[in-house]
$ cat entry24.txt   # compact mmCIF, N, CA and C atoms and all ligand atoms
# COMPACT_ATOMS: atom_id res chain seq x y z
N MET A 1 0.84 -1.21 0.00
CA MET A 1 0.00 0.00 0.00
C MET A 1 0.87 1.26 0.00
N LYS A 2 1.92 1.20 0.79
CA LYS A 2 2.83 2.35 0.90
C LYS A 2 3.39 2.74 -0.46
N LYS A 3 3.70 1.68 -1.25
CA LYS A 3 4.30 1.91 -2.56
C LYS A 3 3.37 2.72 -3.47
N ILE A 4 2.08 2.39 -3.36
CA ILE A 4 1.10 3.09 -4.21
C ILE A 4 1.08 4.58 -3.87
N PHE A 5 1.10 4.86 -2.57
CA PHE A 5 1.09 6.27 -2.16
C PHE A 5 2.33 7.00 -2.65
N THR A 6 3.45 6.30 -2.58
CA THR A 6 4.70 6.91 -3.04
C THR A 6 4.60 7.24 -4.53
N LEU A 7 4.04 6.28 -5.26
CA LEU A 7 3.93 6.45 -6.71
C LEU A 7 3.00 7.63 -7.04
N VAL A 8 1.87 7.70 -6.34
CA VAL A 8 0.94 8.80 -6.57
C VAL A 8 1.62 10.12 -6.24
N GLY A 9 2.30 10.16 -5.12
CA GLY A 9 3.01 11.37 -4.69
C GLY A 9 4.00 11.83 -5.73
N LEU A 10 4.73 10.89 -6.26
CA LEU A 10 5.77 11.21 -7.25
C LEU A 10 5.15 11.75 -8.54
N THR A 11 4.04 11.14 -8.94
CA THR A 11 3.36 11.57 -10.17
C THR A 11 2.85 13.00 -10.02
N VAL A 12 2.26 13.28 -8.86
CA VAL A 12 1.75 14.63 -8.61
C VAL A 12 2.90 15.62 -8.65
N LEU A 13 4.01 15.24 -8.02
CA LEU A 13 5.19 16.10 -7.95
C LEU A 13 5.72 16.39 -9.35
N LEU A 14 5.84 15.35 -10.15
CA LEU A 14 6.42 15.51 -11.48
C LEU A 14 5.51 16.28 -12.42
N SER A 15 4.20 15.98 -12.37
CA SER A 15 3.29 16.67 -13.29
C SER A 15 3.18 18.15 -12.91
N GLY A 16 3.36 18.44 -11.63
CA GLY A 16 3.33 19.83 -11.16
C GLY A 16 4.43 20.67 -11.79
N CYS A 17 5.50 20.02 -12.22
CA CYS A 17 6.64 20.75 -12.78
C CYS A 17 6.52 20.93 -14.28
N GLY A 18 5.50 20.32 -14.87
CA GLY A 18 5.41 20.27 -16.34
C GLY A 18 5.44 21.61 -17.04
N ASP A 19 4.79 22.63 -16.44
CA ASP A 19 4.70 23.90 -17.15
C ASP A 19 5.78 24.89 -16.72
N LYS A 20 6.72 24.46 -15.90
CA LYS A 20 7.77 25.37 -15.45
C LYS A 20 8.90 25.47 -16.48
N VAL A 21 9.55 26.62 -16.45
CA VAL A 21 10.70 26.84 -17.34
C VAL A 21 11.88 26.06 -16.75
N ASP A 22 12.70 25.53 -17.62
CA ASP A 22 13.92 24.85 -17.19
C ASP A 22 14.73 25.83 -16.32
N PRO A 23 15.06 25.45 -15.08
CA PRO A 23 15.76 26.38 -14.19
C PRO A 23 17.08 26.90 -14.77
N ARG A 24 17.73 26.09 -15.59
CA ARG A 24 19.01 26.56 -16.16
C ARG A 24 18.76 27.67 -17.17
N VAL A 25 17.67 27.54 -17.93
CA VAL A 25 17.31 28.57 -18.90
C VAL A 25 16.92 29.85 -18.17
N ALA A 26 16.14 29.69 -17.08
CA ALA A 26 15.71 30.84 -16.29
C ALA A 26 16.93 31.57 -15.70
N GLN A 27 17.89 30.80 -15.19
CA GLN A 27 19.11 31.39 -14.62
C GLN A 27 19.87 32.20 -15.66
N GLU A 28 19.96 31.64 -16.84
CA GLU A 28 20.70 32.29 -17.92
C GLU A 28 20.03 33.60 -18.32
N LYS A 29 18.69 33.59 -18.33
CA LYS A 29 17.94 34.80 -18.67
C LYS A 29 18.20 35.89 -17.63
N LEU A 30 18.20 35.50 -16.35
CA LEU A 30 18.46 36.46 -15.28
C LEU A 30 19.83 37.09 -15.42
N ARG A 31 20.80 36.27 -15.73
CA ARG A 31 22.18 36.75 -15.85
C ARG A 31 22.34 37.84 -16.91
N HIS A 32 21.47 37.79 -17.92
CA HIS A 32 21.57 38.77 -19.00
C HIS A 32 20.62 39.94 -18.83
N SER A 33 19.90 39.98 -17.71
CA SER A 33 18.97 41.08 -17.47
C SER A 33 19.70 42.34 -17.03
N PRO A 34 19.21 43.51 -17.46
CA PRO A 34 19.81 44.76 -16.97
C PRO A 34 19.74 44.80 -15.45
N GLY A 35 20.82 45.26 -14.84
CA GLY A 35 20.84 45.39 -13.39
C GLY A 35 21.37 44.15 -12.67
N PHE A 36 21.56 43.05 -13.41
CA PHE A 36 22.04 41.82 -12.75
C PHE A 36 23.40 42.02 -12.09
N SER A 37 24.33 42.65 -12.81
CA SER A 37 25.68 42.76 -12.25
C SER A 37 25.70 43.67 -11.02
N GLU A 38 24.86 44.73 -11.05
CA GLU A 38 24.76 45.61 -9.88
C GLU A 38 24.16 44.83 -8.69
N ALA A 39 23.10 44.05 -8.99
CA ALA A 39 22.45 43.28 -7.93
C ALA A 39 23.45 42.28 -7.34
N ARG A 40 24.21 41.64 -8.21
CA ARG A 40 25.15 40.65 -7.71
C ARG A 40 26.23 41.31 -6.85
N ARG A 41 26.70 42.47 -7.34
CA ARG A 41 27.77 43.17 -6.63
C ARG A 41 27.31 43.61 -5.23
N VAL A 42 26.11 44.19 -5.17
CA VAL A 42 25.64 44.78 -3.91
C VAL A 42 24.95 43.74 -3.01
N CYS A 43 24.12 42.89 -3.61
CA CYS A 43 23.23 42.05 -2.81
C CYS A 43 23.78 40.67 -2.50
N SER A 44 25.00 40.37 -2.91
CA SER A 44 25.54 39.08 -2.47
C SER A 44 26.73 39.30 -1.56
N GLN A 45 26.78 40.46 -0.92
CA GLN A 45 27.87 40.71 0.03
C GLN A 45 27.65 39.97 1.34
N CYS A 46 26.38 39.76 1.72
CA CYS A 46 26.09 39.13 3.01
C CYS A 46 25.44 37.75 2.87
N HIS A 47 24.75 37.53 1.77
CA HIS A 47 24.06 36.25 1.55
C HIS A 47 23.99 36.02 0.06
N ALA A 48 23.48 34.85 -0.34
CA ALA A 48 23.37 34.54 -1.77
C ALA A 48 22.42 35.55 -2.44
N LEU A 49 22.64 35.81 -3.70
CA LEU A 49 21.77 36.73 -4.44
C LEU A 49 20.34 36.19 -4.42
N PRO A 50 19.38 36.98 -3.90
CA PRO A 50 18.01 36.47 -3.81
C PRO A 50 17.35 36.31 -5.18
N ASP A 51 16.38 35.42 -5.23
CA ASP A 51 15.59 35.21 -6.44
C ASP A 51 14.58 36.35 -6.54
N PRO A 52 14.48 37.02 -7.71
CA PRO A 52 13.52 38.12 -7.86
C PRO A 52 12.08 37.70 -7.55
N GLY A 53 11.76 36.42 -7.69
CA GLY A 53 10.41 35.93 -7.43
C GLY A 53 10.06 35.84 -5.94
N GLN A 54 11.02 36.18 -5.07
CA GLN A 54 10.74 36.14 -3.63
C GLN A 54 9.76 37.22 -3.18
N HIS A 55 9.64 38.29 -3.99
CA HIS A 55 8.72 39.38 -3.61
C HIS A 55 8.03 39.91 -4.86
N PRO A 56 6.80 40.45 -4.70
CA PRO A 56 6.16 41.12 -5.84
C PRO A 56 6.94 42.41 -6.16
N PRO A 57 6.86 42.90 -7.40
CA PRO A 57 7.63 44.09 -7.79
C PRO A 57 7.50 45.26 -6.81
N ALA A 58 6.27 45.53 -6.35
CA ALA A 58 6.05 46.70 -5.49
C ALA A 58 6.77 46.60 -4.15
N ALA A 59 7.12 45.39 -3.74
CA ALA A 59 7.74 45.21 -2.41
C ALA A 59 9.25 45.39 -2.44
N TRP A 60 9.87 45.30 -3.62
CA TRP A 60 11.34 45.31 -3.66
C TRP A 60 11.98 46.59 -3.13
N PRO A 61 11.44 47.79 -3.43
CA PRO A 61 12.11 48.99 -2.88
C PRO A 61 12.23 48.97 -1.36
N SER A 62 11.19 48.49 -0.66
CA SER A 62 11.28 48.51 0.80
C SER A 62 12.23 47.41 1.31
N VAL A 63 12.30 46.29 0.58
CA VAL A 63 13.27 45.25 0.97
C VAL A 63 14.68 45.83 0.84
N VAL A 64 14.93 46.52 -0.28
CA VAL A 64 16.26 47.10 -0.50
C VAL A 64 16.58 48.16 0.56
N ALA A 65 15.57 48.97 0.95
CA ALA A 65 15.79 49.97 1.99
C ALA A 65 16.17 49.30 3.31
N ARG A 66 15.50 48.19 3.64
CA ARG A 66 15.83 47.46 4.88
C ARG A 66 17.26 46.93 4.80
N MET A 67 17.65 46.42 3.63
CA MET A 67 19.01 45.90 3.47
C MET A 67 20.04 47.01 3.65
N GLU A 68 19.69 48.21 3.16
CA GLU A 68 20.63 49.32 3.30
C GLU A 68 20.81 49.70 4.76
N SER A 69 19.77 49.48 5.58
CA SER A 69 19.94 49.77 7.00
C SER A 69 20.93 48.77 7.61
N TYR A 70 20.95 47.54 7.11
CA TYR A 70 21.93 46.56 7.60
C TYR A 70 23.34 46.95 7.14
N VAL A 71 23.41 47.47 5.90
CA VAL A 71 24.73 47.85 5.38
C VAL A 71 25.34 48.93 6.27
N ARG A 72 24.47 49.87 6.71
CA ARG A 72 24.98 50.96 7.55
C ARG A 72 25.61 50.46 8.84
N GLY A 73 25.11 49.37 9.35
CA GLY A 73 25.68 48.83 10.58
C GLY A 73 26.77 47.81 10.34
N SER A 74 27.31 47.79 9.12
CA SER A 74 28.31 46.76 8.80
C SER A 74 29.51 47.41 8.11
N ASN A 75 30.44 46.58 7.70
CA ASN A 75 31.58 47.10 6.94
C ASN A 75 31.40 46.84 5.44
N LYS A 76 30.13 46.59 5.01
CA LYS A 76 29.88 46.32 3.58
C LYS A 76 29.68 47.64 2.84
N ARG A 77 29.77 47.52 1.50
CA ARG A 77 29.66 48.73 0.68
C ARG A 77 28.21 49.01 0.30
N PRO A 78 27.70 50.24 0.55
CA PRO A 78 26.33 50.57 0.14
C PRO A 78 26.27 50.78 -1.38
N PRO A 79 25.08 50.65 -1.98
CA PRO A 79 24.97 50.90 -3.42
C PRO A 79 25.07 52.40 -3.71
N THR A 80 25.58 52.75 -4.88
CA THR A 80 25.49 54.14 -5.34
C THR A 80 24.04 54.36 -5.79
N ASP A 81 23.65 55.61 -6.06
CA ASP A 81 22.28 55.86 -6.52
C ASP A 81 21.99 55.10 -7.81
N ALA A 82 22.96 55.09 -8.73
CA ALA A 82 22.76 54.40 -10.01
C ALA A 82 22.64 52.89 -9.81
N GLU A 83 23.45 52.36 -8.91
CA GLU A 83 23.37 50.91 -8.64
C GLU A 83 22.02 50.55 -8.02
N ARG A 84 21.56 51.38 -7.07
CA ARG A 84 20.27 51.11 -6.43
C ARG A 84 19.15 51.07 -7.46
N GLU A 85 19.15 52.07 -8.35
CA GLU A 85 18.10 52.13 -9.37
C GLU A 85 18.15 50.90 -10.27
N ALA A 86 19.36 50.53 -10.69
CA ALA A 86 19.51 49.39 -11.60
C ALA A 86 19.11 48.08 -10.93
N LEU A 87 19.52 47.90 -9.69
CA LEU A 87 19.24 46.60 -9.06
C LEU A 87 17.76 46.47 -8.67
N ILE A 88 17.13 47.57 -8.29
CA ILE A 88 15.69 47.50 -7.99
C ILE A 88 14.95 47.14 -9.29
N GLY A 89 15.38 47.74 -10.41
CA GLY A 89 14.77 47.42 -11.70
C GLY A 89 14.94 45.95 -12.05
N TYR A 90 16.10 45.40 -11.72
CA TYR A 90 16.37 43.98 -11.98
C TYR A 90 15.39 43.10 -11.21
N PHE A 91 15.25 43.37 -9.89
CA PHE A 91 14.35 42.53 -9.08
C PHE A 91 12.89 42.71 -9.51
N GLN A 92 12.51 43.96 -9.82
CA GLN A 92 11.11 44.20 -10.18
C GLN A 92 10.76 43.57 -11.52
N SER A 93 11.62 43.76 -12.51
CA SER A 93 11.21 43.28 -13.84
C SER A 93 11.35 41.77 -13.98
N ASN A 94 12.09 41.12 -13.08
CA ASN A 94 12.21 39.67 -13.16
C ASN A 94 11.37 38.95 -12.11
N SER A 95 10.58 39.70 -11.34
CA SER A 95 9.76 39.04 -10.34
C SER A 95 8.69 38.21 -11.02
N THR A 96 8.59 36.96 -10.60
CA THR A 96 7.56 36.08 -11.16
C THR A 96 6.30 36.17 -10.30
N TRP A 97 6.36 36.94 -9.21
CA TRP A 97 5.26 37.10 -8.27
C TRP A 97 4.53 38.38 -8.67
N LYS A 98 3.61 38.27 -9.62
CA LYS A 98 2.96 39.47 -10.17
C LYS A 98 1.74 39.85 -9.35
C1 LIG B 1 24.92 44.12 5.19
C2 LIG B 1 24.50 42.78 4.82
C3 LIG B 1 23.41 42.63 3.75
C4 LIG B 1 23.42 43.10 2.47
C5 LIG B 1 24.51 43.89 1.75
C6 LIG B 1 22.17 42.66 1.86
N1 LIG B 1 21.44 41.93 2.75
FE1 LIG B 1 19.69 40.97 2.41
N2 LIG B 1 19.68 40.23 4.28
C7 LIG B 1 20.59 40.56 5.26
C8 LIG B 1 20.17 39.97 6.53
C9 LIG B 1 20.89 40.12 7.87
C10 LIG B 1 18.97 39.27 6.27
C11 LIG B 1 18.08 38.48 7.26
C12 LIG B 1 17.22 39.43 8.08
C13 LIG B 1 16.00 39.95 7.34
O1 LIG B 1 15.34 39.19 6.62
O2 LIG B 1 15.68 41.16 7.47
C14 LIG B 1 18.71 39.43 4.84
C15 LIG B 1 17.64 38.86 4.20
C16 LIG B 1 17.28 39.14 2.88
C17 LIG B 1 16.11 38.61 2.22
C18 LIG B 1 15.11 37.59 2.81
C19 LIG B 1 14.13 38.30 3.69
C20 LIG B 1 13.03 38.97 2.92
O3 LIG B 1 12.64 40.11 3.28
O4 LIG B 1 12.55 38.41 1.93
C21 LIG B 1 16.06 39.19 0.98
C22 LIG B 1 15.03 38.95 -0.11
C23 LIG B 1 17.22 40.06 0.87
N3 LIG B 1 17.94 39.99 2.04
C24 LIG B 1 17.49 40.86 -0.23
C25 LIG B 1 18.63 41.65 -0.36
C26 LIG B 1 18.88 42.54 -1.50
C27 LIG B 1 17.94 42.72 -2.67
C28 LIG B 1 20.09 43.11 -1.28
C29 LIG B 1 20.78 44.13 -2.15
C30 LIG B 1 20.18 45.45 -2.21
C31 LIG B 1 20.58 42.62 0.00
N4 LIG B 1 19.65 41.74 0.52
C32 LIG B 1 21.79 42.97 0.57
C33 LIG B 1 21.75 41.27 5.10
C34 LIG B 1 22.15 41.90 3.93

$ encode --input "entry24.txt" --output "structure tokens"
Amino acid sequence: MKKIFTLVGLTVLLSGCGDKVDPRVAQEKLRHSPGFSEARRVCSQCHALPDPGQHPPAAWPSVVARMESYVRGSNKRPPTDAEREALIGYFQSNSTWK
């Protein structure tokens, strides 16, 4: 009986992925997006570069503002105005959470 449940679970899991983009293709697309290099430079100083889909576009400016408050209390480099604008654009335009 256990085996049947495992099989059903696996089928549900696999079919759920059917309409998703290949993660390697998605990664490659992100790498070529405007603002990616700024985001990588500024936002991977303390942790891995976050996925733009973690927040809806409208939420990214306040997330970035909170991160800048952490930067102020650290020895990390804050973004320049141009970098901030570019990286917020990167997270907003690549957010899959519409
Ligand atoms: C000075 C270190 C530091 C830098 C630089 C930094 N972060 Fe963070 N980040 C943190 C810490 C500490 C946490 C965990 C605490 C929290 O969630 O507020 C975190 C958590 C996060 C999270 C998960 C929590 C959430 O709100 O979803 C996201 C997303 C994030 N950071 C985005 C960014 C972005 C975007 C940048 C670039 C602008 C950035 N971080 C730069 C320190 C940093």

$ residues_near_ligand --input "entry24.txt" --ligand "ligand LIG 1 (chain B)" --cutoff "8 Å" --atoms "only N, CA and C atoms and all ligand atoms" --output "PyMOL selection string"
chain A and resi 38-52+54-55+60+62-79+83-84+87-88+91

$ atom_distance --input "entry24.txt" --atom1 "atom C of Pro56 of chain A" --atom2 "atom CA of Asn94 of chain A"
9.2 Å

$ select_by_dssp --input "entry24.txt" --residues "chain A" --states "helix (DSSP H, G or I)" --output "ChimeraX atom specification"
/A:2-16,23-31,36-43,52-54,57-72,81-93

$ atom_distance --input "entry24.txt" --atom1 "atom CA of Thr80 of chain A" --atom2 "atom CA of Trp97 of chain A"
26.6 Å

$ atom_distance --input "entry24.txt" --atom1 "atom N of Phe36 of chain A" --atom2 "atom N of Tyr90 of chain A"
6.2 Å

$ closest_residue --input "entry24.txt" --among "A:Gln27, A:Lys20, A:Gly35, A:Pro57" --to "Glu85 of chain A" --atoms "only C-alpha atoms"
A:Gly35
